[in-house]
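Enquirer: Quick one: the structure is below, and I'll ask about it shortly.
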Amino acid sequence: MLTTDQLRAAMLSSVGDDESINLNGDYPARDFTELGFDSLALMETCAHLKREYGIIIPDEKLWDLTTPGQLLEWVNGAHS
Amino acid sequence: MSIADCVVTGIDVIAPTGFTVNEYWRRTCLGESGVTVVPEFADRYNTALAGLIPNFLVTEHLPGRLLTQTDRVTQLALIAAERALADSKVDLDHRDPFGFAVVTSNATGGFEFSHREMQRLWAQGPESVSVYQCFAWFYAVNTGQISIRHRLRGPGAVFVAEQAGGLDAIGHARRNITGDRASTVITGGMESSFDPWGWVSHQASGKLTTARDPAAGYQPFSPTANGYAPGEGGAMLVLESARPCNWATFTAGSLGTQPVSIPATIPPTPSHCAAPSSRQWPRPGCGPATSRWSSPMPRAQLPTTRPKPPSWPRSSGGAVFRWPRPRAEPGG
């Protein structure tokens with residue numbers, strides 16, 4: 001089970017402390033690109049999830065997930 | 001085109017002798033050196049003289065997400081490029097981004113960043129290596145990050161010419177303008193590779209001075225020089241086509257063969273041109289004839305063959321980096 005807080009922490013550690021990144025409130029519903037996450041930042045986030053929680057998201061699947069909410073849904077559906 | 005086909009409208013310098021162009025120029029005019037013994041290297045290596053940029057708080061200059069994905073050398077290049085752009089007063093919102101090029105030089109890429117990621121690779125495995133390593137290590141990263149940050153889409157290029165590629169980069173920037181490939185170019189060079197891996201790579205050349213006294217070890221162009229002391233830093237210029245203006249006095253047209261001369265006073269600017277700078281350049285207190293580094297190295301003393309590099313020591317089961325090195329306890 002991956003929580004929104006855990007995903008937020010993984011995403012923030014992947015892009016660095018930056019005031020342009022805002023992951024408050026309804027962030028899971030917003031697009032990764034809108035949140036300031038490009039493909040590299042997403043790959044770094046996935047590497048973080050694998051290291052911390054053993055969650056493996058295949059690259060080809062990753063590009064289908066356009067919001068943090070979709071990522072959470074896929075992870076928790078596949079790994080719960 | 002004539003020799004005065006380009007003008008320098010913005011400039012910034014980050015050097016061991018100054019974190020701003022004014023400080024750098026002031027100390028240059030005084031003949032001051034930024035070469036010192038690096039304490040971390042002093043008791044580990046037989047070479048320790050280098051020109052390091054004194055501590056600065058990078059978070060005051062760059063947003064956090066750029067720090068996560070860049071090496072120190074790229075951070076320096078980004079800071080210098082941003083300040084050179086500000087100095088030029090170029091209005092990026094009203095320029096064709098495809099006519100704005102970036103041409104920089106860099107010899108080593110992001111050594112310190114790579115050192116850290118290699119350490120992770122060997123200590124924790126491939127999964128722990130940052131994805132940003134894919135470009136952070138690379139010589140082209142400064143040109144790339146500058147163009148991305150300022151959305152400049154003109155031709156980008158990188159010169160890899162040991163630690164002296166800056167003049168070649170400026171020459172190529174000028175060719176971009178004279179060849180109508182760009183109207184404006186950010187150009188210059190930036191170097192920094194003084195993590196332990198970077199330092200031993202410098203050492204591998206066998207040409208670093210082993211002196212510990214800066215005055216004895218840093219003698220550029222002197223017949224008594226006993227090696228060189230590497231430095232970090234560099235400069236960024238904003239080069240613009242002189243065609244819209246008629247006051248062009250860029251004197252570096254024969255780059256690489258003649259010294260770049262900085263005018264004592266920037267010429268007055270016509271109202272239809274962006275003001276290049278209001279800075280008044282002080283003349284140096286010493287000219288070439290009186291400088292302590294005036295005597296050129298006789299050509300005969302230059303090595304005619306490249307010395308064979310020392311062979312790498314064989315590792316017996318995986319290298320172990322200890323870095324950053326724990327500081328010795330006082331009195332310990």
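Chain identifiers are assigned as A, B, and so on, following the order in which chains appear in the structure tokens; residues are numbered from 1 within each chain, and ligands are numbered from 1 in order of appearance.
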Could you list, with a cut-off of 6 Å and counting only C-alpha atoms, the residues of chain B near chain A, each shown with its nearest atom pair and the distance in Å rounded to one decimal, rows sorted by chain and ascending number, as CSV?
Expert:
residue,atom,partner,partner_atom,distance
B:Pro63,CA,A:Asp18,CA,5.9
B:Gly64,CA,A:Asp18,CA,4.4
B:Arg65,CA,A:Gly16,CA,4.7
B:Thr68,CA,A:Gly16,CA,5.3
B:Val131,CA,A:Glu44,CA,5.8
Enquirer: Would you pick out the contacts of stretch 43-53 of chain B at 9 Å or less, using only C-alpha atoms, so that residues sharing its chain but fewer than 6 positions from it are not included, and give the list as number ranges by chain?
Expert: B: 14-19, 33-37, 192, 194, 199-200, 203, 208-214, 217-218, 228-233
Enquirer: DSSP on the backbone: what in chain A comes out alpha helix (DSSP H), as a ChimeraX atom specification?
Expert: /A:4-15,39-53,59-62,68-79
Enquirer: Which residues are near stretch 54-63 of chain A? Cut-off 8 Å, only C-alpha atoms, ignore same chain within fewer than 5 positions. Put them as a ChimeraX atom specification.
Expert: /A:46,49,71,75,79
Enquirer: Produce a file of the selected residues containing N, CA and C atoms, as a PDB file, in the first residue's frame.
Expert:
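Saved result, out29.pdb, follows:
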ATOM      1  N   CYS A  46      10.358   6.878  -9.569  1.00  0.00           N
ATOM      2  CA  CYS A  46      10.174   5.424  -9.592  1.00  0.00           C
ATOM      3  C   CYS A  46      11.359   4.703  -8.970  1.00  0.00           C
ATOM      4  N   LEU A  49      10.886   4.868  -5.337  1.00  0.00           N
ATOM      5  CA  LEU A  49       9.860   3.932  -4.858  1.00  0.00           C
ATOM      6  C   LEU A  49      10.413   2.504  -4.801  1.00  0.00           C
ATOM      7  N   LEU A  71      -1.020   6.719 -10.684  1.00  0.00           N
ATOM      8  CA  LEU A  71       0.125   5.922 -10.243  1.00  0.00           C
ATOM      9  C   LEU A  71      -0.225   5.185  -8.943  1.00  0.00           C
ATOM     10  N   VAL A  75      -0.355   1.147  -8.521  1.00  0.00           N
ATOM     11  CA  VAL A  75       0.521   0.494  -7.543  1.00  0.00           C
ATOM     12  C   VAL A  75      -0.316  -0.266  -6.521  1.00  0.00           C
ATOM     13  N   HIS A  79      -0.159  -4.193  -6.260  1.00  0.00           N
ATOM     14  CA  HIS A  79       0.758  -4.647  -5.214  1.00  0.00           C
ATOM     15  C   HIS A  79       0.094  -4.807  -3.856  1.00  0.00           C
TER      16      HIS A  79
END
Enquirer: Grab the atom CA of A:Phe32 to atom CA of A:Thr67 distance for me, in Å with one decimal place.
Expert: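 If I compute the distance from atom CA of A:Phe32 to atom CA of A:Thr67, I get 5.4 Å.
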Enquirer: Between atom CA of B:Phe135 and atom CA of B:Val58, measure the distance and give it in Å to one decimal.
Expert: 19.9 Å
Enquirer: Quick one, how far is atom CA of B:Pro126 from atom CA of B:Ser114?
Expert: 13.2 Å
Enquirer: Write down as a list of chain:residue names the residues of stretch 43-219 of chain B whose backbone DSSP state falls under strand (DSSP E or B).
Expert: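 The strand (DSSP E or B) residues within stretch 43-219 of chain B come out as B:Leu49, B:Ala50, B:Gly51, B:Phe100, B:Ala101, B:Val102, B:Val103, B:Thr104, B:Ser105, B:Gly156, B:Ala157, B:Val158, B:Phe159, B:Ala161, B:Gln163, B:Thr184, B:Val185, B:Ile186, B:Thr187, B:Gly188, B:Gly189, B:Met190, B:Glu191, B:Leu208.
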Enquirer: Which neighbours of B:Ser105 fall inside 6 Å, counting only C-alpha atoms, when residues of the same chain fewer than 2 positions from it are skipped, and could you give them as a PyMOL selection string?
Expert: chain B and resi 158-160+165-166+169+189
